[in-house]
Every structure is written in C-alpha cells, then in structure tokens.
file work-v4.csv (CSV, C-alpha atoms and all ligand atoms)
chain,number,residue,atom,x,y,z
Z,42,MET,CA,-32.1,59.0,-89.9
Z,43,THR,CA,-33.0,58.1,-86.3
Z,44,ARG,CA,-36.6,58.9,-85.3
Z,45,SER,CA,-38.4,59.2,-82.0
Z,46,SER,CA,-41.8,60.3,-80.9
Z,47,ALA,CA,-43.0,61.7,-77.5
Z,48,PRO,CA,-46.6,62.4,-76.3
Z,49,GLY,CA,-48.1,65.7,-75.3
Z,50,LYS,CA,-50.1,66.0,-72.1
Z,51,VAL,CA,-53.0,67.7,-70.3
Z,52,TYR,CA,-52.9,68.9,-66.8
Z,53,LEU,CA,-55.7,67.3,-64.8
Z,54,PHE,CA,-54.6,69.6,-61.9
Z,55,GLY,CA,-51.9,71.9,-60.7
Z,56,GLU,CA,-50.3,74.0,-63.5
Z,57,HIS,CA,-48.7,77.2,-62.5
Z,58,ALA,CA,-48.8,76.3,-58.8
Z,59,VAL,CA,-46.4,73.5,-59.6
Z,60,VAL,CA,-43.7,76.1,-60.3
Z,61,TYR,CA,-43.9,77.1,-56.6
Z,62,GLY,CA,-43.5,73.5,-55.3
Z,63,GLU,CA,-47.2,72.6,-55.1
Z,64,PRO,CA,-48.1,69.1,-56.5
Z,65,ALA,CA,-49.5,68.7,-60.0
Z,66,VAL,CA,-51.0,65.8,-62.0
Z,67,PRO,CA,-50.3,65.9,-65.7
Z,68,CYS,CA,-51.4,63.0,-68.0
Z,69,ALA,CA,-49.8,62.1,-71.2
Z,70,ILE,CA,-52.1,61.9,-74.2
Z,71,GLU,CA,-51.9,60.2,-77.6
Z,72,ARG,CA,-51.0,63.3,-79.6
Z,73,ARG,CA,-47.3,63.1,-80.5
Z,74,ALA,CA,-44.3,65.1,-81.7
Z,75,ARG,CA,-42.1,63.1,-84.0
Z,76,VAL,CA,-38.5,64.1,-84.5
Z,77,GLY,CA,-36.1,62.7,-87.1
Z,78,VAL,CA,-32.4,63.3,-86.7
Z,79,GLN,CA,-29.5,62.8,-89.1
Z,80,ARG,CA,-25.9,63.5,-88.2
Z,81,ARG,CA,-24.1,66.1,-90.4
Z,82,ASP,CA,-20.4,66.2,-91.5
Z,83,ASP,CA,-20.1,69.7,-90.0
Z,84,GLU,CA,-21.3,71.2,-86.7
Z,85,LYS,CA,-24.4,73.0,-88.1
Z,86,LEU,CA,-27.9,72.5,-87.0
Z,87,ARG,CA,-30.6,72.5,-89.7
Z,88,VAL,CA,-34.2,72.3,-88.6
Z,89,HIS,CA,-37.2,71.6,-90.7
Z,90,ALA,CA,-40.6,71.7,-89.1
Z,91,GLU,CA,-44.0,70.8,-90.4
Z,92,ASP,CA,-47.5,70.8,-88.8
Z,93,LEU,CA,-46.7,73.0,-85.8
Z,94,SER,CA,-50.0,74.8,-86.4
Z,95,LEU,CA,-47.9,77.3,-88.3
Z,96,ASP,CA,-46.5,77.2,-91.9
Z,97,GLY,CA,-43.7,74.7,-92.3
Z,98,PHE,CA,-40.4,76.4,-91.9
Z,99,THR,CA,-36.7,75.6,-92.4
Z,100,VAL,CA,-33.8,77.3,-90.6
Z,101,GLU,CA,-30.1,76.6,-90.7
Z,102,TYR,CA,-27.4,77.9,-88.5
Z,103,GLY,CA,-24.4,77.0,-86.4
Z,104,GLY,CA,-20.9,77.8,-85.3
Z,105,GLY,CA,-20.3,80.6,-82.8
Z,106,ALA,CA,-22.5,82.1,-80.2
Z,107,ASP,CA,-22.7,85.4,-82.0
Z,108,GLN,CA,-24.3,83.8,-85.1
Z,109,GLN,CA,-28.0,84.3,-85.1
Z,110,PRO,CA,-30.3,81.7,-86.7
Z,111,ASP,CA,-31.4,82.7,-90.2
Z,112,VAL,CA,-35.2,82.6,-89.5
Z,113,ASP,CA,-37.3,84.0,-92.3
Z,114,VAL,CA,-40.6,83.8,-90.4
Z,115,SER,CA,-41.4,86.3,-87.7
Z,116,GLU,CA,-43.7,84.3,-85.4
Z,117,SER,CA,-42.2,84.5,-81.9
Z,118,LEU,CA,-43.6,80.9,-81.4
Z,119,VAL,CA,-41.3,79.7,-84.2
Z,120,SER,CA,-38.4,81.4,-82.6
Z,121,ALA,CA,-39.3,79.8,-79.3
Z,122,ALA,CA,-39.6,76.4,-80.9
Z,123,MET,CA,-36.1,76.9,-82.3
Z,124,GLY,CA,-34.8,77.7,-78.8
Z,125,TYR,CA,-36.1,74.4,-77.6
Z,126,VAL,CA,-34.5,72.4,-80.4
Z,127,ASP,CA,-31.2,74.3,-80.0
Z,128,GLY,CA,-31.3,73.6,-76.2
Z,129,ALA,CA,-32.1,69.9,-76.8
Z,130,ILE,CA,-29.1,69.5,-79.1
Z,131,GLU,CA,-26.9,71.3,-76.5
Z,132,GLN,CA,-27.9,68.6,-74.0
Z,133,VAL,CA,-27.1,65.9,-76.5
Z,134,ARG,CA,-23.6,67.4,-77.1
Z,135,ASP,CA,-23.1,67.5,-73.3
Z,136,VAL,CA,-24.1,63.9,-72.7
Z,137,THR,CA,-22.2,62.5,-75.7
Z,138,GLY,CA,-19.2,64.8,-75.5
Z,139,GLU,CA,-19.4,65.3,-79.3
Z,140,ASP,CA,-19.9,68.6,-81.0
Z,141,ALA,CA,-22.0,67.0,-83.6
Z,142,GLY,CA,-24.2,68.9,-86.2
Z,143,PHE,CA,-27.6,67.6,-87.2
Z,144,ASP,CA,-30.4,67.8,-89.7
Z,145,VAL,CA,-33.5,67.7,-87.6
Z,146,THR,CA,-37.1,67.2,-88.9
Z,147,ILE,CA,-40.0,67.9,-86.7
Z,148,GLU,CA,-43.6,66.9,-87.2
Z,149,SER,CA,-46.2,67.3,-84.5
Z,150,ASP,CA,-49.9,66.8,-84.1
Z,151,ILE,CA,-49.7,68.8,-80.8
Z,152,PRO,CA,-50.7,72.4,-81.3
Z,153,LEU,CA,-47.8,74.7,-80.4
Z,154,GLY,CA,-48.0,76.7,-77.2
Z,155,ALA,CA,-51.6,75.6,-76.6
Z,156,GLY,CA,-51.2,73.9,-73.2
Z,157,LEU,CA,-50.7,70.3,-74.5
Z,158,GLY,CA,-46.9,70.2,-73.8
Z,159,SER,CA,-45.8,70.6,-77.4
Z,160,SER,CA,-42.4,72.0,-76.5
Z,161,ALA,CA,-41.6,69.3,-73.9
Z,162,ALA,CA,-42.6,66.6,-76.4
Z,163,VAL,CA,-40.3,68.1,-79.1
Z,164,VAL,CA,-37.4,68.4,-76.7
Z,165,VAL,CA,-37.9,64.9,-75.3
Z,166,ALA,CA,-38.1,63.3,-78.7
Z,167,ALA,CA,-35.2,65.3,-80.0
Z,168,ILE,CA,-32.9,64.3,-77.2
Z,169,ASP,CA,-33.8,60.6,-77.6
Z,170,ALA,CA,-33.4,60.6,-81.4
Z,171,ALA,CA,-30.1,62.6,-81.4
Z,172,THR,CA,-28.4,60.6,-78.6
Z,173,ARG,CA,-29.4,57.4,-80.3
Z,174,GLU,CA,-28.1,58.8,-83.7
Z,175,LEU,CA,-24.7,59.1,-81.9
Z,176,GLY,CA,-25.0,55.5,-80.4
Z,177,VAL,CA,-26.0,56.5,-76.9
Z,178,THR,CA,-29.3,55.3,-75.3
Z,179,LEU,CA,-30.6,57.2,-72.3
Z,180,GLU,CA,-33.2,56.1,-69.8
Z,181,PRO,CA,-36.5,58.1,-70.0
Z,182,THR,CA,-35.8,59.6,-66.5
Z,183,GLU,CA,-32.4,61.0,-67.8
Z,184,ILE,CA,-34.1,62.3,-71.0
Z,185,ALA,CA,-36.7,63.9,-68.7
Z,186,GLU,CA,-34.0,65.6,-66.6
Z,187,ARG,CA,-32.1,66.9,-69.6
Z,188,ALA,CA,-35.3,68.0,-71.3
Z,189,PHE,CA,-36.3,69.9,-68.1
Z,190,GLN,CA,-32.8,71.6,-68.1
Z,191,THR,CA,-33.6,72.8,-71.7
Z,192,GLU,CA,-37.1,74.1,-70.8
Z,193,TYR,CA,-35.7,75.8,-67.7
Z,194,GLU,CA,-33.1,77.7,-69.7
Z,195,VAL,CA,-35.5,78.6,-72.6
Z,196,GLN,CA,-38.1,79.8,-70.0
Z,197,ASP,CA,-35.6,81.8,-68.0
Z,198,GLY,CA,-35.6,79.6,-65.0
Z,199,GLN,CA,-39.4,79.4,-64.8
Z,200,ALA,CA,-40.3,75.8,-65.5
Z,201,SER,CA,-41.3,72.8,-63.5
Z,202,ARG,CA,-40.4,69.2,-64.3
Z,203,ALA,CA,-44.0,68.2,-65.0
Z,204,ASP,CA,-44.3,68.5,-68.8
Z,205,THR,CA,-41.0,66.9,-69.6
Z,206,PHE,CA,-41.3,64.1,-67.1
Z,207,CYS,CA,-44.8,63.2,-68.3
Z,208,SER,CA,-43.8,63.3,-71.9
Z,209,ALA,CA,-40.7,61.1,-71.3
Z,210,THR,CA,-42.4,58.5,-69.2
Z,211,GLY,CA,-46.0,58.6,-70.4
Z,212,GLY,CA,-49.1,57.8,-68.3
Z,213,ALA,CA,-50.4,59.9,-65.4
Z,214,VAL,CA,-47.7,61.5,-63.3
Z,215,ARG,CA,-47.5,63.2,-59.9
Z,216,VAL,CA,-45.0,66.0,-59.6
Z,217,GLU,CA,-44.0,67.9,-56.5
Z,218,GLY,CA,-40.8,69.9,-56.7
Z,219,ASP,CA,-38.0,67.6,-57.8
Z,220,ASP,CA,-40.1,64.5,-57.0
Z,221,CYS,CA,-41.7,63.1,-60.2
Z,222,ARG,CA,-43.4,59.7,-60.2
Z,223,SER,CA,-45.9,57.7,-62.2
Z,224,THR,CA,-49.3,57.4,-60.6
Z,225,GLU,CA,-52.3,55.1,-61.3
Z,226,ALA,CA,-55.2,56.6,-63.2
Z,227,PRO,CA,-58.5,55.1,-64.4
Z,228,ASP,CA,-59.4,55.4,-68.1
Z,229,LEU,CA,-60.3,59.0,-68.2
Z,230,PRO,CA,-62.9,60.2,-70.7
Z,231,LEU,CA,-61.0,63.4,-71.7
Z,232,VAL,CA,-62.3,65.9,-74.3
Z,233,ILE,CA,-60.1,68.7,-75.5
Z,234,GLY,CA,-61.3,72.1,-76.9
Z,235,PHE,CA,-58.7,74.2,-78.8
Z,236,ASP,CA,-59.3,77.9,-79.6
Z,237,GLY,CA,-56.6,77.9,-82.3
Z,238,GLY,CA,-54.4,80.2,-80.3
Z,239,ALA,CA,-51.5,80.0,-78.0
Z,240,GLY,CA,-50.2,81.7,-74.8
Z,241,ASP,CA,-46.7,82.8,-74.0
Z,242,THR,CA,-45.7,80.5,-71.1
Z,243,GLY,CA,-42.8,82.7,-70.0
Z,244,GLU,CA,-45.1,85.8,-69.8
Z,245,LEU,CA,-47.9,84.0,-68.1
Z,246,VAL,CA,-45.6,82.4,-65.5
Z,247,SER,CA,-44.1,85.9,-64.9
Z,248,GLY,CA,-47.6,87.4,-64.5
Z,249,VAL,CA,-48.4,84.9,-61.7
Z,250,ARG,CA,-45.1,85.5,-60.1
Z,251,SER,CA,-45.8,89.3,-60.0
Z,252,LEU,CA,-49.2,88.7,-58.5
Z,253,ARG,CA,-47.8,86.5,-55.8
Z,254,GLU,CA,-45.2,89.1,-54.9
Z,255,GLU,CA,-47.8,91.8,-54.8
Z,256,TYR,CA,-50.7,90.1,-53.0
Z,257,THR,CA,-50.8,87.6,-50.1
Z,258,PHE,CA,-54.1,86.4,-51.4
Z,259,ALA,CA,-52.5,85.5,-54.8
Z,260,SER,CA,-50.0,83.5,-52.9
Z,261,ASP,CA,-52.8,81.9,-51.0
Z,262,THR,CA,-54.5,81.1,-54.3
Z,263,VAL,CA,-51.5,79.2,-55.5
Z,264,GLU,CA,-51.5,77.2,-52.2
Z,265,ALA,CA,-55.3,76.6,-52.6
Z,266,ILE,CA,-54.5,75.0,-56.0
Z,267,GLY,CA,-52.1,72.7,-54.1
Z,268,ASP,CA,-55.0,71.7,-51.8
Z,269,VAL,CA,-57.3,71.1,-54.9
Z,270,VAL,CA,-54.6,68.8,-56.3
Z,271,ARG,CA,-54.2,66.8,-53.1
Z,272,ASN,CA,-58.0,66.2,-53.1
Z,273,GLY,CA,-57.9,65.4,-56.8
Z,274,GLU,CA,-55.3,62.7,-56.1
Z,275,ASP,CA,-57.8,61.0,-53.8
Z,276,ALA,CA,-60.6,61.3,-56.3
Z,277,LEU,CA,-58.3,59.8,-59.0
Z,278,ALA,CA,-57.4,56.9,-56.8
Z,279,ALA,CA,-61.1,56.3,-56.1
Z,280,GLY,CA,-62.1,56.7,-59.8
Z,281,ASP,CA,-64.7,59.2,-58.7
Z,282,PHE,CA,-65.4,61.2,-61.9
Z,283,GLU,CA,-68.0,63.5,-60.2
Z,284,GLU,CA,-65.5,64.6,-57.6
Z,285,LEU,CA,-62.7,64.9,-60.2
Z,286,GLY,CA,-65.0,67.2,-62.3
Z,287,ARG,CA,-65.9,69.3,-59.3
Z,288,LEU,CA,-62.2,69.8,-58.5
Z,289,MET,CA,-61.3,70.6,-62.1
Z,290,ASN,CA,-63.9,73.3,-62.1
Z,291,PHE,CA,-62.5,74.7,-58.8
Z,292,ASN,CA,-59.0,74.5,-60.3
Z,293,HIS,CA,-60.1,76.5,-63.3
Z,294,GLY,CA,-61.6,79.2,-61.1
Z,295,LEU,CA,-58.4,79.6,-59.2
Z,296,LEU,CA,-56.3,79.8,-62.4
Z,297,SER,CA,-58.8,82.4,-63.7
Z,298,ALA,CA,-58.3,84.4,-60.5
Z,299,LEU,CA,-54.5,84.3,-61.2
Z,300,GLY,CA,-55.2,85.9,-64.6
Z,301,VAL,CA,-54.2,83.1,-66.9
Z,302,SER,CA,-57.6,82.2,-68.5
Z,303,SER,CA,-59.0,84.0,-71.5
Z,304,ARG,CA,-62.5,84.7,-72.9
Z,305,SER,CA,-62.3,81.8,-75.4
Z,306,LEU,CA,-61.0,79.4,-72.7
Z,307,ASP,CA,-63.8,80.5,-70.4
Z,308,SER,CA,-66.4,80.0,-73.2
Z,309,MET,CA,-65.2,76.5,-73.9
Z,310,VAL,CA,-65.1,75.6,-70.2
Z,311,TRP,CA,-68.7,76.8,-69.8
Z,312,ALA,CA,-69.8,75.1,-73.0
Z,313,ALA,CA,-68.5,71.8,-71.6
Z,314,ARG,CA,-70.1,72.3,-68.3
Z,315,ASP,CA,-73.5,73.2,-69.9
Z,316,ALA,CA,-73.2,70.1,-72.1
Z,317,GLY,CA,-73.1,68.0,-68.9
Z,318,ALA,CA,-69.3,67.4,-68.5
Z,319,TYR,CA,-68.3,66.4,-65.0
Z,320,GLY,CA,-65.9,69.3,-65.1
Z,321,ALA,CA,-63.6,71.4,-67.3
Z,322,LYS,CA,-60.6,73.6,-66.9
Z,323,LEU,CA,-57.9,75.2,-69.0
Z,324,THR,CA,-54.7,73.1,-69.4
Z,325,GLY,CA,-51.2,74.4,-69.3
Z,326,ALA,CA,-50.0,78.0,-69.1
Z,327,GLY,CA,-53.3,79.4,-70.4
Z,328,GLY,CA,-53.8,82.8,-72.1
Z,329,GLY,CA,-55.3,80.9,-75.0
Z,330,GLY,CA,-55.0,77.3,-76.3
Z,331,CYS,CA,-56.8,74.3,-74.9
Z,332,ILE,CA,-59.3,73.3,-72.2
Z,333,VAL,CA,-59.7,69.7,-71.0
Z,334,ALA,CA,-63.1,68.4,-70.0
Z,335,LEU,CA,-64.2,65.1,-68.4
Z,336,ASP,CA,-67.2,63.6,-70.2
Z,337,PRO,CA,-67.9,60.0,-71.2
Z,338,SER,CA,-70.7,61.1,-73.5
Z,339,ASP,CA,-70.4,62.8,-76.9
Z,340,GLU,CA,-72.2,65.9,-75.6
Z,341,THR,CA,-69.2,68.0,-74.8
Z,342,GLU,CA,-67.5,67.4,-78.2
Z,343,THR,CA,-70.7,68.3,-80.0
Z,344,ALA,CA,-71.3,71.4,-77.9
Z,345,LEU,CA,-67.6,72.5,-78.4
Z,346,SER,CA,-67.9,72.1,-82.1
Z,347,TYR,CA,-70.6,74.8,-82.1
Z,348,THR,CA,-68.9,77.1,-79.5
Z,349,PRO,CA,-67.7,80.4,-81.0
Z,350,GLY,CA,-64.0,80.6,-80.3
Z,351,CYS,CA,-63.5,76.8,-80.4
Z,352,GLU,CA,-61.5,75.8,-83.6
Z,353,GLU,CA,-61.0,72.1,-82.9
Z,354,THR,CA,-62.3,69.5,-80.5
Z,355,PHE,CA,-61.2,65.9,-80.0
Z,356,ARG,CA,-61.2,63.1,-77.5
Z,357,ALA,CA,-57.8,62.4,-75.9
Z,358,GLU,CA,-56.7,58.9,-75.0
Z,359,LEU,CA,-54.2,58.5,-72.2
Z,360,ALA,CA,-50.7,57.7,-73.7
Z,361,GLU,CA,-49.4,54.8,-71.6
Z,362,GLU,CA,-46.1,55.0,-73.4
Z,363,GLY,CA,-43.8,58.0,-73.2
Z,364,VAL,CA,-40.9,58.6,-75.5
Z,365,ARG,CA,-40.3,55.8,-78.0
Z,366,ARG,CA,-38.3,55.0,-81.1
Z,367,ILE,CA,-39.9,55.1,-84.5
Z,368,GLU,CA,-38.6,52.1,-86.6
G,401,LIG,C1,-46.9,75.0,-68.6
G,401,LIG,O1,-47.3,73.9,-69.5
G,401,LIG,C2,-47.2,74.6,-67.2
G,401,LIG,C3,-46.7,75.7,-66.2
G,401,LIG,O2,-47.0,75.2,-64.9
G,401,LIG,C4,-45.2,76.0,-66.3
G,401,LIG,C5,-44.4,74.8,-65.9
G,401,LIG,O3,-44.8,74.0,-65.1
G,401,LIG,O4,-43.2,74.8,-66.4
G,401,LIG,C6,-47.5,77.0,-66.4

call {"tool": "encode", "arguments": {"input": "work-v4.csv", "output": "structure tokens"}}
result
Amino acid sequence: MTRSSAPGKVYLFGEHAVVYGEPAVPCAIERRARVGVQRRDDEKLRVHAEDLSLDGFTVEYGGGADQQPDVDVSESLVSAAMGYVDGAIEQVRDVTGEDAGFDVTIESDIPLGAGLGSSAAVVVAAIDAATRELGVTLEPTEIAERAFQTEYEVQDGQASRADTFCSATGGAVRVEGDDCRSTEAPDLPLVIGFDGGAGDTGELVSGVRSLREEYTFASDTVEAIGDVVRNGEDALAAGDFEELGRLMNFNHGLLSALGVSSRSLDSMVWAARDAGAYGAKLTGAGGGGCIVALDPSDETETALSYTPGCEETFRAELAEEGVRRIE
C-alpha cells in the first residue's frame, strides 16, 4: 500500500471572491487527510473512509459510466466525497495512461465540508498516493493542477485553485486567478471554532453568483473583499496582528452580506471578538462549519468551548509542508 497525507487550510482572507479573480490568502494547517492506495487486479475502485466526521463507510464500484456506486449511506456529503475520490483516480489514470483499479482508504482529521479544505486534502493525497503506487512521482504543482481539475468538475466549474494549491504546497499562499504562489507569513496564533456542521460549497458559490448577477452592490462587495485581501497582504508582511484582525473582521462582514455566514458562525465570531481576539471570520464556503480567529492568548479557545453552537475548538499550527508520503 502507498500512503500520502495532505494538510487542510484556513482562509485568512478572500474565499468566494477568489472565484471571480480577486486575490485570496489561504494558509495550510496541521490537520491532515491520509490516503492509502493499493492497486487491484481489476479496474474497480473500492473506497473505505473513516473519521470524516461521519460514520465510516465502504463503497465499491467500477466499470462503465452507467454503473452507479453502491453507496448504502444517504448523506450527500458522503456522495460528494466519493465524487472527489473518483475524480482524483480519473486524473491518475489520465497521467499514467493506465486504467488501473484501486483499494483506497481515507482517514482524515479535517472535518468534512467545514471550511478547512477537506476535499482538496483528500484529492491531493489521493493523486499523490495513487500515482506513486503506479511508479509515477508528480511535483506538488502538478498535483495541485490535477486536484484543481477534479474540484472544478465536481463543483460544476465553480472552484478556484486556492484550496488545492495550498494543500499541495503547504505554507501560506497567495492566489489570484491562475497565479498561485507561496507567500511569507509570521507564526500566526490561529484558533478554530467548529459548529459540527457543514455547508454545501456548490450551493453557496451559486448563491453568491446569483447575488452578483442581480445586484451591482453584491458585485461591489466581492471587489471590496479583494481590497481587504490586498490590505491584508501588507499587514501579513508587516506581521501586524492588530491590522490583520481588523481586516479579518471586515472580511467576515462582507461575506455575511453575501449570505454565506450562519447563526452559529456569527456566534463563534462574536465569542472570539468578545474574548479579545484580534479578529475572527468564517473560513471556506460558509453556511456552517468553522471560523478562524487570531489570538495568542487562551481566551478565545476558552470562550469558544462555552459558546452555544460551538462543538469543537482547537489551535491550528501552520503546516509548512504540503503533500507528503507516509512511510
Ligand atoms: C471553498 O473552500 C472556497 C470558495 O472560495 C470556493 C473556491 O475557492 O473554490 C468558496
């Protein structure tokens, strides 16, 4: 069996607006998806997943586009996760030219669909492990590109390169359109609050698209997020936590205006601010899931642990390393 892991991420700034060519700054965090891959004698794909914040599940399918996966659990998130694995294996078949089948095992300590880049981490780790299983080693940038193609297809053409690039390369990243590059970041005191739920990225991205089409001011809001990000980059370079926090608060307000926050996300954001965090915002697609706060003290973690609607809170270390093999 060949095994790889890849980190999740938080968005310091810029989710949603990045879909429309505005810059974004995601940072990889030390919460990883681990994917083990074993080549099969046939062309089937068998996937076993544990710890995706859902019950463990196993599905097996393959051979022919008309054959549906035999999934015995109804959660749409699980179906979505299967779409990502399937897409990742298609990329592996494309790059290696082999119609190989695989047994795939997924373990993840990144909650699914919660704004921490779980799907990108699974896809990135799956592409790395499955290509290496077939004797092909890809550079992280090529894995990022192929993982992006997978997300793009699964999310009906509504995906940016941010999550997949960040997961493949690690560290802090600046993304603007097709241009993705690593960027310097100080040691950020990041605290995560998780409401135990998940948002549907496709639906949330579509919602923002509809608002942009209907209202000029929604389109202006997306552009304003781009301005916040550009200011955020200066604050990041200067290591100015106060300014970073202020801009994170601003970014959250603009995302909220675009309808992608939720009551529990807002409660957690306010709990963090009241506890003295420099700033706090939702991370990822929104609708439920996680917030990220900037606080070097323990106050935010303590406050979040008492906040109704917050199921889990933890400190997130920056992951310097992106996708990597597990020996
Ligand atoms: C989802 O993690 C981030 C979004 O900006 C979508 C994307 O960039 O693909 C909402």

call {"tool": "residues_near_ligand", "arguments": {"input": "work-v4.csv", "ligand": "ligand LIG 401 (chain G)", "cutoff": "7 Å", "atoms": "all atoms listed in the file", "output": "mmCIF file with C-alpha atoms, in the coordinates of the input"}}
result
data_model
loop_
_atom_site.group_PDB
_atom_site.id
_atom_site.type_symbol
_atom_site.label_atom_id
_atom_site.label_comp_id
_atom_site.auth_asym_id
_atom_site.auth_seq_id
_atom_site.Cartn_x
_atom_site.Cartn_y
_atom_site.Cartn_z
ATOM 1 C CA GLU Z 56 -50.300 74.000 -63.500
ATOM 2 C CA HIS Z 57 -48.700 77.200 -62.500
ATOM 3 C CA ALA Z 58 -48.800 76.300 -58.800
ATOM 4 C CA VAL Z 59 -46.400 73.500 -59.600
ATOM 5 C CA VAL Z 60 -43.700 76.100 -60.300
ATOM 6 C CA GLY Z 156 -51.200 73.900 -73.200
ATOM 7 C CA GLY Z 158 -46.900 70.200 -73.800
ATOM 8 C CA GLN Z 199 -39.400 79.400 -64.800
ATOM 9 C CA ALA Z 200 -40.300 75.800 -65.500
ATOM 10 C CA SER Z 201 -41.300 72.800 -63.500
ATOM 11 C CA ARG Z 202 -40.400 69.200 -64.300
ATOM 12 C CA ALA Z 203 -44.000 68.200 -65.000
ATOM 13 C CA ASP Z 204 -44.300 68.500 -68.800
ATOM 14 C CA THR Z 242 -45.700 80.500 -71.100
ATOM 15 C CA VAL Z 246 -45.600 82.400 -65.500
ATOM 16 C CA GLY Z 325 -51.200 74.400 -69.300
ATOM 17 C CA ALA Z 326 -50.000 78.000 -69.100
#

call {"tool": "residues_around", "arguments": {"input": "work-v4.csv", "residues": "Z:Ser46", "least_positions_apart": "2", "cutoff": "6 Å", "atoms": "only C-alpha atoms", "output": "PyMOL selection string"}}
result
chain Z and resi 74-75+166+364-365

call {"tool": "residues_around", "arguments": {"input": "work-v4.csv", "residues": "Z:Glu244", "least_positions_apart": "3", "cutoff": "10 Å", "atoms": "only C-alpha atoms", "output": "number ranges by chain"}}
result
Z: 196, 199, 240-241, 247-250, 301, 326, 328

call {"tool": "residues_around", "arguments": {"input": "work-v4.csv", "residues": "Z:Gly211", "least_positions_apart": "4", "cutoff": "6 Å", "atoms": "all atoms listed in the file", "output": "number ranges by chain"}}
result
Z: 69, 207, 360-363

call {"tool": "residues_around", "arguments": {"input": "work-v4.csv", "residues": "Z:Ile367", "least_positions_apart": "6", "cutoff": "10 Å", "atoms": "all atoms listed in the file", "output": "list of chain:residue names"}}
result
Z:Thr43, Z:Arg44, Z:Ser45, Z:Ser46, Z:Arg75, Z:Val76, Z:Gly77, Z:Ala170

call {"tool": "closest_residue", "arguments": {"input": "work-v4.csv", "among": "Z:Ala213, Z:Leu229, Z:Ala239, Z:Leu252", "to": "Z:Val333", "atoms": "all atoms listed in the file"}}
result
Z:Leu229

call {"tool": "atom_distance", "arguments": {"input": "work-v4.csv", "atom1": "atom CA of Z:Cys221", "atom2": "atom CA of Z:Pro64"}}
result
9.5 Å

call {"tool": "closest_residue", "arguments": {"input": "work-v4.csv", "among": "Z:Glu174, Z:Glu342, Z:Glu186, Z:Asp236", "to": "Z:Asp220", "atoms": "all atoms listed in the file"}}
result
Z:Glu186

call {"tool": "residues_around", "arguments": {"input": "work-v4.csv", "residues": "Z:Thr224", "least_positions_apart": "5", "cutoff": "8 Å", "atoms": "all atoms listed in the file", "output": "list in words"}}
result
Gly212, Ala213, Val214 and Arg215 of chain Z

call {"tool": "closest_residue", "arguments": {"input": "work-v4.csv", "among": "Z:Ala259, Z:Ile151, Z:Leu296, Z:Met289", "to": "Z:Gly237", "atoms": "all atoms listed in the file"}}
result
Z:Ile151
